[in-house]
$ cat final.cif   # mmCIF, C-alpha atoms
data_query
loop_
_atom_site.label_atom_id
_atom_site.label_comp_id
_atom_site.auth_asym_id
_atom_site.auth_seq_id
_atom_site.Cartn_x
_atom_site.Cartn_y
_atom_site.Cartn_z
CA MET A 1 -82.95 -162.48 71.80
CA ASN A 2 -86.64 -162.83 72.55
CA ILE A 3 -89.57 -164.36 70.67
CA ARG A 4 -89.79 -163.00 67.16
CA GLY A 5 -92.01 -163.95 64.27
CA GLY A 6 -93.76 -166.61 66.34
CA LEU A 7 -90.57 -168.62 66.88
CA THR A 8 -89.90 -170.07 70.31
CA MET A 9 -86.51 -170.45 71.91
CA GLU A 10 -85.27 -173.92 72.73
CA LEU A 11 -81.77 -175.24 73.31
CA THR A 12 -80.04 -178.27 74.80
CA TYR A 13 -76.80 -178.30 76.76
CA ILE A 14 -74.83 -181.56 76.99
CA ASN A 15 -71.91 -181.79 79.39
CA ALA A 16 -68.79 -183.95 79.03
CA ASN A 17 -70.40 -186.74 81.08
CA GLY A 18 -73.21 -187.03 78.54
CA ARG A 19 -75.86 -185.54 80.85
CA SER A 20 -78.14 -183.00 79.20
CA ILE A 21 -80.75 -180.38 80.00
CA THR A 22 -83.23 -178.66 77.70
CA LEU A 23 -84.27 -175.05 78.21
CA LYS A 24 -87.38 -173.86 76.39
CA GLN A 25 -90.42 -171.66 76.84
CA SER A 26 -92.29 -174.11 79.00
CA ARG A 27 -91.81 -175.69 82.42
CA PRO A 28 -89.68 -176.57 84.26
CA TYR A 29 -86.78 -174.52 82.81
CA PHE A 30 -88.42 -171.53 81.15
CA ILE A 31 -85.86 -169.57 79.13
CA THR A 32 -86.45 -165.88 78.57
CA LYS A 33 -83.22 -164.72 76.93
CA ILE A 34 -80.43 -166.04 74.69
CA ASP A 35 -77.69 -163.58 73.85
CA GLY A 36 -74.47 -164.00 71.87
CA THR A 37 -75.54 -166.53 69.23
CA GLY A 38 -75.82 -164.09 66.33
CA ASN A 39 -72.75 -161.89 66.71
CA VAL A 40 -69.06 -162.27 67.43
CA SER A 41 -66.37 -159.62 67.94
CA GLN A 42 -62.86 -159.61 66.53
CA THR A 43 -59.45 -158.23 67.39
CA VAL A 44 -57.90 -156.07 64.65
CA ASN A 45 -54.09 -155.85 64.51
CA THR A 46 -52.61 -152.68 63.01
CA PHE A 47 -49.27 -150.87 62.74
CA LYS A 48 -48.89 -147.12 62.99
CA ALA A 49 -45.80 -145.35 61.71
CA PRO A 50 -44.58 -142.01 63.17
CA ASP A 51 -46.63 -139.08 61.84
CA GLN A 52 -48.93 -141.44 59.94
CA ASP A 53 -52.60 -140.61 59.64
CA GLY A 54 -54.55 -143.72 60.47
CA ALA A 55 -52.73 -147.06 60.50
CA PHE A 56 -51.73 -150.06 58.38
CA TYR A 57 -54.04 -153.03 58.65
CA ILE A 58 -52.14 -156.25 59.44
CA SER A 59 -54.68 -158.91 60.33
CA SER A 60 -57.76 -159.69 62.37
CA THR A 61 -58.91 -162.68 64.40
CA LEU A 62 -62.27 -163.58 65.91
CA ASP A 63 -62.54 -163.52 69.69
CA MET A 64 -64.11 -166.20 71.83
CA ARG A 65 -67.89 -166.24 71.80
CA ASN A 66 -69.81 -165.49 75.01
CA ILE A 67 -73.37 -166.86 75.18
CA ILE A 68 -75.69 -165.70 77.96
CA LEU A 69 -78.78 -167.66 79.03
CA GLU A 70 -81.46 -166.33 81.37
CA GLY A 71 -84.72 -167.80 82.58
CA THR A 72 -86.86 -169.06 85.42
CA ILE A 73 -87.55 -172.39 87.09
CA VAL A 74 -91.27 -173.16 87.07
CA ALA A 75 -92.16 -175.62 89.84
CA ASP A 76 -95.25 -176.62 91.83
CA THR A 77 -93.63 -176.58 95.28
CA PRO A 78 -90.52 -175.11 96.94
CA ASP A 79 -89.09 -178.64 97.29
CA ASP A 80 -89.60 -179.29 93.58
CA ALA A 81 -87.94 -175.96 92.75
CA TYR A 82 -84.96 -176.85 94.96
CA ALA A 83 -84.56 -180.26 93.27
CA ARG A 84 -84.73 -178.60 89.82
CA ARG A 85 -82.13 -176.08 90.93
CA GLN A 86 -79.74 -178.81 92.07
CA HIS A 87 -80.16 -180.71 88.81
CA PHE A 88 -79.52 -177.50 86.85
CA LEU A 89 -76.26 -176.79 88.66
CA GLN A 90 -75.08 -180.38 88.27
CA ILE A 91 -75.51 -180.22 84.48
CA PHE A 92 -73.98 -176.73 84.13
CA SER A 93 -70.92 -177.71 86.16
CA PRO A 94 -67.91 -175.39 85.57
CA LYS A 95 -65.68 -178.45 86.00
CA LEU A 96 -66.94 -180.01 82.75
CA ASN A 97 -66.77 -178.92 79.14
CA GLY A 98 -69.98 -179.11 77.15
CA THR A 99 -71.81 -178.65 73.88
CA LEU A 100 -74.69 -176.27 73.24
CA VAL A 101 -77.22 -177.34 70.58
CA TYR A 102 -79.39 -174.55 69.16
CA ARG A 103 -81.31 -174.24 65.89
CA GLU A 104 -79.82 -177.40 64.37
CA ARG A 105 -76.28 -176.20 65.08
CA GLN A 106 -73.82 -177.00 67.88
CA ILE A 107 -70.91 -175.23 69.55
CA ALA A 108 -68.35 -176.42 72.10
CA CYS A 109 -68.23 -174.35 75.29
CA VAL A 110 -67.26 -174.14 78.95
CA VAL A 111 -69.33 -172.76 81.81
CA GLU A 112 -67.95 -169.44 83.00
CA GLU A 113 -70.73 -168.87 85.52
CA ALA A 114 -74.04 -170.50 86.46
CA GLY A 115 -76.22 -169.33 89.31
CA PHE A 116 -79.60 -168.25 90.64
CA THR A 117 -81.34 -165.22 92.02
CA VAL A 118 -84.72 -165.26 93.74
CA SER A 119 -87.40 -162.73 92.88
CA THR A 120 -88.53 -161.10 96.12
CA ARG A 121 -91.99 -160.44 94.71
CA GLN A 122 -92.76 -163.86 93.24
CA ARG A 123 -90.30 -166.02 95.24
CA VAL A 124 -89.28 -167.98 92.14
CA PRO A 125 -85.65 -168.86 91.25
CA ASN A 126 -84.29 -167.11 88.17
CA PHE A 127 -81.24 -168.68 86.54
CA PHE A 128 -78.29 -167.11 84.76
CA VAL A 129 -75.62 -168.95 82.73
CA SER A 130 -72.55 -167.53 80.98
CA LEU A 131 -70.91 -169.85 78.45
CA LEU A 132 -67.50 -169.21 76.85
CA CYS A 133 -66.86 -170.79 73.46
CA PRO A 134 -63.10 -171.00 72.70
CA SER A 135 -63.94 -171.52 69.02
CA PRO A 136 -66.55 -168.92 68.00
CA PHE A 137 -68.03 -171.05 65.22
CA PHE A 138 -71.25 -173.02 65.26
CA GLU A 139 -71.08 -176.36 63.44
CA THR A 140 -73.52 -178.74 61.80
CA LEU A 141 -74.80 -181.52 64.07
CA ASP A 142 -73.66 -184.23 61.65
CA GLU A 143 -70.42 -184.59 59.75
CA VAL A 144 -70.54 -184.25 55.98
CA ARG A 145 -69.09 -187.28 54.19
CA GLU A 146 -67.88 -187.15 50.60
CA GLU A 147 -66.56 -190.14 48.67
CA LEU A 148 -63.83 -189.09 46.26
CA ALA A 149 -62.94 -192.58 45.11
CA SER A 150 -65.08 -195.59 45.89
CA TRP A 151 -66.94 -198.53 44.38
CA ILE A 152 -70.63 -198.04 43.65
CA PRO A 153 -72.65 -201.21 44.46
CA LEU A 154 -74.81 -202.52 41.61
CA LEU A 155 -76.57 -205.34 43.43
CA GLU A 156 -80.34 -205.19 43.77
CA PHE A 157 -82.66 -207.65 45.44
CA GLN A 158 -84.37 -209.81 44.34
CA LEU A 159 -81.16 -210.88 42.58
CA GLU A 160 -81.10 -212.65 39.23
CA ILE A 161 -77.75 -213.32 37.53
CA PRO A 162 -78.05 -213.52 33.72
CA MET A 163 -76.16 -216.12 31.71
CA SER A 164 -73.83 -213.42 30.40
CA GLY A 165 -72.83 -212.52 33.97
CA MET A 166 -73.17 -209.18 35.76
CA GLU A 167 -71.15 -206.45 37.45
CA PHE A 168 -71.30 -206.40 41.24
CA GLY A 169 -69.83 -202.91 41.52
CA MET A 170 -68.61 -199.98 39.44
CA ARG A 171 -65.63 -197.71 40.03
CA GLN A 172 -66.34 -193.99 40.08
CA PRO A 173 -65.12 -192.78 36.68
CA SER A 174 -63.38 -189.51 37.62
CA GLN A 175 -60.34 -188.63 39.75
CA ILE A 176 -61.79 -185.17 40.37
CA ILE A 177 -64.73 -184.22 42.58
CA THR A 178 -66.20 -180.92 43.73
CA VAL A 179 -66.91 -180.69 47.46
CA GLU A 180 -69.16 -177.91 48.74
CA ASN A 181 -68.54 -176.35 52.13
CA ILE A 182 -71.86 -174.65 52.99
CA GLY A 183 -70.33 -172.89 55.99
CA ASP A 184 -69.34 -169.24 56.33
CA VAL A 185 -65.60 -169.89 56.79
CA SER A 186 -62.90 -172.41 55.88
CA CYS A 187 -62.78 -175.57 57.97
CA GLY A 188 -60.48 -178.50 58.60
CA CYS A 189 -61.31 -182.03 57.52
CA GLU A 190 -60.45 -185.69 57.98
CA ILE A 191 -59.08 -187.44 54.89
CA VAL A 192 -59.20 -191.22 54.84
CA PHE A 193 -57.14 -193.27 52.35
CA ARG A 194 -58.17 -196.96 52.15
CA ALA A 195 -56.23 -199.57 50.18
CA LEU A 196 -58.06 -202.40 48.37
CA GLY A 197 -54.68 -203.84 47.36
CA THR A 198 -51.08 -202.66 47.24
CA VAL A 199 -51.04 -198.84 46.84
CA THR A 200 -47.98 -196.58 46.85
CA ASN A 201 -47.84 -192.89 47.82
CA PRO A 202 -51.53 -191.89 48.11
CA GLU A 203 -52.23 -188.22 47.51
CA LEU A 204 -55.04 -185.66 47.62
CA LEU A 205 -54.67 -182.35 45.75
CA LYS A 206 -56.74 -179.20 46.20
CA ILE A 207 -56.75 -177.99 42.61
CA ASP A 208 -57.97 -174.48 43.46
CA THR A 209 -54.81 -173.65 45.42
CA GLY A 210 -52.28 -176.30 44.36
CA GLU A 211 -51.93 -177.51 47.97
CA TYR A 212 -51.69 -181.25 48.45
CA ILE A 213 -51.22 -183.98 51.01
CA ARG A 214 -48.98 -186.87 49.94
CA LEU A 215 -47.97 -189.82 52.09
CA LEU A 216 -44.73 -191.61 51.15
CA THR A 217 -45.52 -195.22 51.94
CA THR A 218 -46.85 -198.47 50.54
CA MET A 219 -50.26 -199.58 51.77
CA ASP A 220 -51.46 -203.17 51.78
CA ALA A 221 -55.04 -204.35 51.29
CA GLY A 222 -57.19 -203.24 54.23
CA ASP A 223 -54.79 -200.53 55.44
CA GLU A 224 -56.06 -197.04 56.23
CA LEU A 225 -54.26 -193.73 56.54
CA ARG A 226 -56.15 -190.86 58.18
CA VAL A 227 -55.08 -187.22 57.93
CA TYR A 228 -56.65 -184.54 60.15
CA THR A 229 -56.20 -180.94 58.98
CA HIS A 230 -58.09 -179.13 61.77
CA PHE A 231 -56.45 -176.10 63.36
CA ALA A 232 -54.61 -177.17 66.55
CA GLY A 233 -55.54 -180.78 65.75
CA LYS A 234 -53.30 -181.71 62.83
CA ARG A 235 -52.20 -185.35 62.84
CA VAL A 236 -51.68 -188.44 60.70
CA ILE A 237 -52.42 -191.99 61.85
CA ARG A 238 -52.10 -195.41 60.27
CA VAL A 239 -54.70 -198.12 60.90
CA GLU A 240 -53.67 -201.72 60.25
CA GLY A 241 -56.33 -204.08 61.55
CA SER A 242 -56.75 -203.20 65.23
CA SER A 243 -53.39 -201.41 65.39
CA ILE A 244 -53.29 -197.56 65.32
CA THR A 245 -49.92 -195.80 65.04
CA ASN A 246 -48.62 -192.27 64.54
CA ALA A 247 -47.76 -191.81 60.85
CA PHE A 248 -46.74 -188.13 60.78
CA SER A 249 -43.29 -189.11 59.49
CA LEU A 250 -44.86 -190.39 56.23
CA LEU A 251 -45.80 -186.89 55.08
CA ASP A 252 -44.10 -185.55 51.99
CA THR A 253 -42.16 -182.44 53.09
CA ASN A 254 -44.16 -180.16 50.78
CA SER A 255 -47.52 -181.38 52.02
CA VAL A 256 -49.97 -178.80 53.41
CA PHE A 257 -52.76 -179.45 55.90
CA PHE A 258 -55.17 -177.54 53.68
CA GLN A 259 -58.58 -176.25 54.75
CA LEU A 260 -61.82 -176.56 52.79
CA SER A 261 -62.72 -173.05 51.65
CA ALA A 262 -66.26 -171.76 52.06
CA GLY A 263 -68.08 -172.62 48.83
CA LEU A 264 -66.84 -175.07 46.21
CA ASN A 265 -63.55 -176.98 46.48
CA THR A 266 -62.15 -179.03 43.60
CA LEU A 267 -60.16 -182.07 44.79
CA ARG A 268 -58.21 -184.76 42.92
CA TYR A 269 -56.82 -187.98 44.32
CA ASP A 270 -53.84 -189.92 42.97
CA ALA A 271 -51.23 -192.57 43.80
CA SER A 272 -47.84 -193.50 42.33
CA VAL A 273 -48.82 -197.16 41.97
CA ASN A 274 -52.30 -198.76 41.70
CA MET A 275 -54.47 -195.67 41.95
CA ASP A 276 -57.48 -197.84 41.04
CA LEU A 277 -57.04 -199.78 44.27
CA LEU A 278 -57.34 -196.63 46.39
CA GLU A 279 -60.50 -195.38 48.09
CA VAL A 280 -60.61 -191.82 49.40
CA SER A 281 -63.21 -190.29 51.72
CA ILE A 282 -63.37 -186.87 53.33
CA TYR A 283 -65.26 -185.85 56.49
CA PHE A 284 -65.89 -182.30 57.73
CA ARG A 285 -68.28 -180.08 59.67
CA PRO A 286 -69.20 -176.73 58.04
CA GLN A 287 -68.77 -173.80 60.42
CA PHE A 288 -70.99 -170.71 60.80
CA LEU A 289 -70.52 -167.24 62.25
CA GLY A 290 -73.90 -167.30 63.98
CA VAL A 291 -77.38 -168.82 64.11
#

$ encode --input "final.cif" --output "structure tokens"
Amino acid sequence: MNIRGGLTMELTYINANGRSITLKQSRPYFITKIDGTGNVSQTVNTFKAPDQDGAFYISSTLDMRNIILEGTIVADTPDDAYARRQHFLQIFSPKLNGTLVYRERQIACVVEEAGFTVSTRQRVPNFFVSLLCPSPFFETLDEVREELASWIPLLEFQLEIPMSGMEFGMRQPSQIITVENIGDVSCGCEIVFRALGTVTNPELLKIDTGEYIRLLTTMDAGDELRVYTHFAGKRVIRVEGSSITNAFSLLDTNSVFFQLSAGLNTLRYDASVNMDLLEVSIYFRPQFLGV
């Protein structure tokens, strides 16, 4: 992927220790090629019966993404080039996981290979990096937060309280909200139930599919229950003050760790007792097939 339409390439890699390096089309790390950000391959599973022409399609899954970076170190002296090379290899350490940030999107990755070759004609070090991304999806840099049930503050400053009194907050009027996932595919989410008073059996229903998450418990004021529906990261925790405990056992047996479909999702919250004392928030990162 080279320069097209006047756009320049620039990316930042951040390793698990929080150290980062930026590659762009200027010194000292001049990038000349980025490959693997716009396409991803998949494995197709089929079944073929004896004497059958063709095959039956069963399913398909996306493979890991492989991103290749190539470029050159631009330095004033051989010593400066050597120092830049050492810094480069320290950041792109194969012992550390990392995150690649490119075009306002990010993707988790591991370093498969990072190294240098030296041009015999120009005597400048050229770098090569191969990154493997176990999840092939790019994500937004920031989480999306949606409030399904909350209190809307009505205070404004300068504050004047009329003789008839005033409302300090207003409850959102509807149990139902539409959440838009702008990504290309379904994604997991974090659901947070907060109790403003005694609440029994909080629930969130995905109306489009009938799937729901219900927790069979009584919450006291200030309690939080957090449900994570991400693939390979499903869990439920209870937060009471500074105490955090595993709350997986509270799940109703018919609960489903549902995903947010690409596009619009219609959600409804509920509780067996004191629904009006329940606040519900949802957090997620839309995922994309390429950038």

$ resolve_selection --input "final.cif" --expression "the PyMOL selection byres ((chain A and resi 117) around 9)" --output "number ranges by chain"
A: 115-116, 118-119, 124-128

$ resolve_selection --input "final.cif" --expression "the PyMOL selection byres ((chain A and resi 31) around 9)" --output "PDB file with C-alpha atoms, keeping the file's coordinate frame"
ATOM      1  CA  MET A   9     -86.510-170.450  71.910  1.00  0.00           C
ATOM      2  CA  GLU A  10     -85.270-173.920  72.730  1.00  0.00           C
ATOM      3  CA  LEU A  23     -84.270-175.050  78.210  1.00  0.00           C
ATOM      4  CA  LYS A  24     -87.380-173.860  76.390  1.00  0.00           C
ATOM      5  CA  GLN A  25     -90.420-171.660  76.840  1.00  0.00           C
ATOM      6  CA  SER A  26     -92.290-174.110  79.000  1.00  0.00           C
ATOM      7  CA  TYR A  29     -86.780-174.520  82.810  1.00  0.00           C
ATOM      8  CA  PHE A  30     -88.420-171.530  81.150  1.00  0.00           C
ATOM      9  CA  THR A  32     -86.450-165.880  78.570  1.00  0.00           C
ATOM     10  CA  LYS A  33     -83.220-164.720  76.930  1.00  0.00           C
ATOM     11  CA  ILE A  34     -80.430-166.040  74.690  1.00  0.00           C
ATOM     12  CA  LEU A  69     -78.780-167.660  79.030  1.00  0.00           C
ATOM     13  CA  GLU A  70     -81.460-166.330  81.370  1.00  0.00           C
ATOM     14  CA  GLY A  71     -84.720-167.800  82.580  1.00  0.00           C
ATOM     15  CA  THR A  72     -86.860-169.060  85.420  1.00  0.00           C
ATOM     16  CA  ILE A  73     -87.550-172.390  87.090  1.00  0.00           C
ATOM     17  CA  PHE A 127     -81.240-168.680  86.540  1.00  0.00           C
TER      18      PHE A 127
END

$ residues_around --input "final.cif" --residues "region 38-55 of chain A" --least-positions-apart "4" --cutoff "9 Å" --atoms "all atoms listed in the file" --output "list in words"
Ser59, Ser60, Thr61, Leu62, Asp63, Met64, Arg65, Asn66, Pro136, Leu289, Gly290 and Val291 of chain A

$ write_last_selection --input "final.cif" --atoms "C-alpha atoms" --output "short mmCIF file (atom, residue, chain, number, x, y, z; two decimals), keeping the file's coordinate frame"
data_model
loop_
_atom_site.label_atom_id
_atom_site.label_comp_id
_atom_site.auth_asym_id
_atom_site.auth_seq_id
_atom_site.Cartn_x
_atom_site.Cartn_y
_atom_site.Cartn_z
CA SER A 59 -54.68 -158.91 60.33
CA SER A 60 -57.76 -159.69 62.37
CA THR A 61 -58.91 -162.68 64.40
CA LEU A 62 -62.27 -163.58 65.91
CA ASP A 63 -62.54 -163.52 69.69
CA MET A 64 -64.11 -166.20 71.83
CA ARG A 65 -67.89 -166.24 71.80
CA ASN A 66 -69.81 -165.49 75.01
CA PRO A 136 -66.55 -168.92 68.00
CA LEU A 289 -70.52 -167.24 62.25
CA GLY A 290 -73.90 -167.30 63.98
CA VAL A 291 -77.38 -168.82 64.11
#

$ resolve_selection --input "final.cif" --expression "the PyMOL selection byres ((chain A and resi 262) around 8)" --output "MDAnalysis selection string"
chainID A and resid 180:187 260:261 263:264

$ closest_residue --input "final.cif" --among "A:Leu205, A:Ala16, A:Val239, A:Val256" --to "Ala271 (chain A)" --atoms "all atoms listed in the file"
A:Leu205

$ closest_residue --input "final.cif" --among "A:Phe248, A:Tyr283, A:Tyr269, A:Phe231" --to "Leu204 (chain A)" --atoms "all atoms listed in the file"
A:Tyr269

$ atom_distance --input "final.cif" --atom1 "CA of Thr12 (chain A)" --atom2 "CA of Leu100 (chain A)"
5.9 Å

$ closest_residue --input "final.cif" --among "A:Lys95, A:Arg268, A:His230, A:His87" --to "Pro202 (chain A)" --atoms "only C-alpha atoms"
A:Arg268

$ closest_residue --input "final.cif" --among "A:Asp220, A:Ala108, A:Thr200, A:Arg84" --to "Asn274 (chain A)" --atoms "only C-alpha atoms"
A:Thr200

$ residues_around --input "final.cif" --residues "Val236 (chain A)" --least-positions-apart "6" --cutoff "9 Å" --atoms "all atoms listed in the file" --output "compact mmCIF listing (two decimals) with C-alpha atoms, in the coordinates of the input"
# COMPACT_ATOMS: atom_id res chain seq x y z
CA LEU A 225 -54.26 -193.73 56.54
CA ARG A 226 -56.15 -190.86 58.18
CA VAL A 227 -55.08 -187.22 57.93
CA TYR A 228 -56.65 -184.54 60.15
CA THR A 229 -56.20 -180.94 58.98
CA THR A 245 -49.92 -195.80 65.04
CA ASN A 246 -48.62 -192.27 64.54
CA ALA A 247 -47.76 -191.81 60.85
CA PHE A 248 -46.74 -188.13 60.78
CA SER A 249 -43.29 -189.11 59.49
CA LEU A 250 -44.86 -190.39 56.23
CA LEU A 251 -45.80 -186.89 55.08

$ axis_aligned_box --input "final.cif" --around "region 236-239 of chain A" --padding-each-side "8 Å" --output "JSON"
{"center_x": -53.2, "center_y": -193.3, "center_z": 61.1, "size_x": 19.0, "size_y": 25.7, "size_z": 17.6}

$ atom_distance --input "final.cif" --atom1 "CA of Val280 (chain A)" --atom2 "CA of Thr140 (chain A)"
22.2 Å

$ atom_distance --input "final.cif" --atom1 "CA of Thr253 (chain A)" --atom2 "CA of Glu224 (chain A)"
20.4 Å

$ closest_residue --input "final.cif" --among "A:Cys189, A:Gln259, A:Ala232, A:Thr217" --to "Ser272 (chain A)" --atoms "all atoms listed in the file"
A:Thr217

$ closest_residue --input "final.cif" --among "A:Ser243, A:Val101, A:Ser20, A:Thr178" --to "Leu89 (chain A)" --atoms "all atoms listed in the file"
A:Ser20
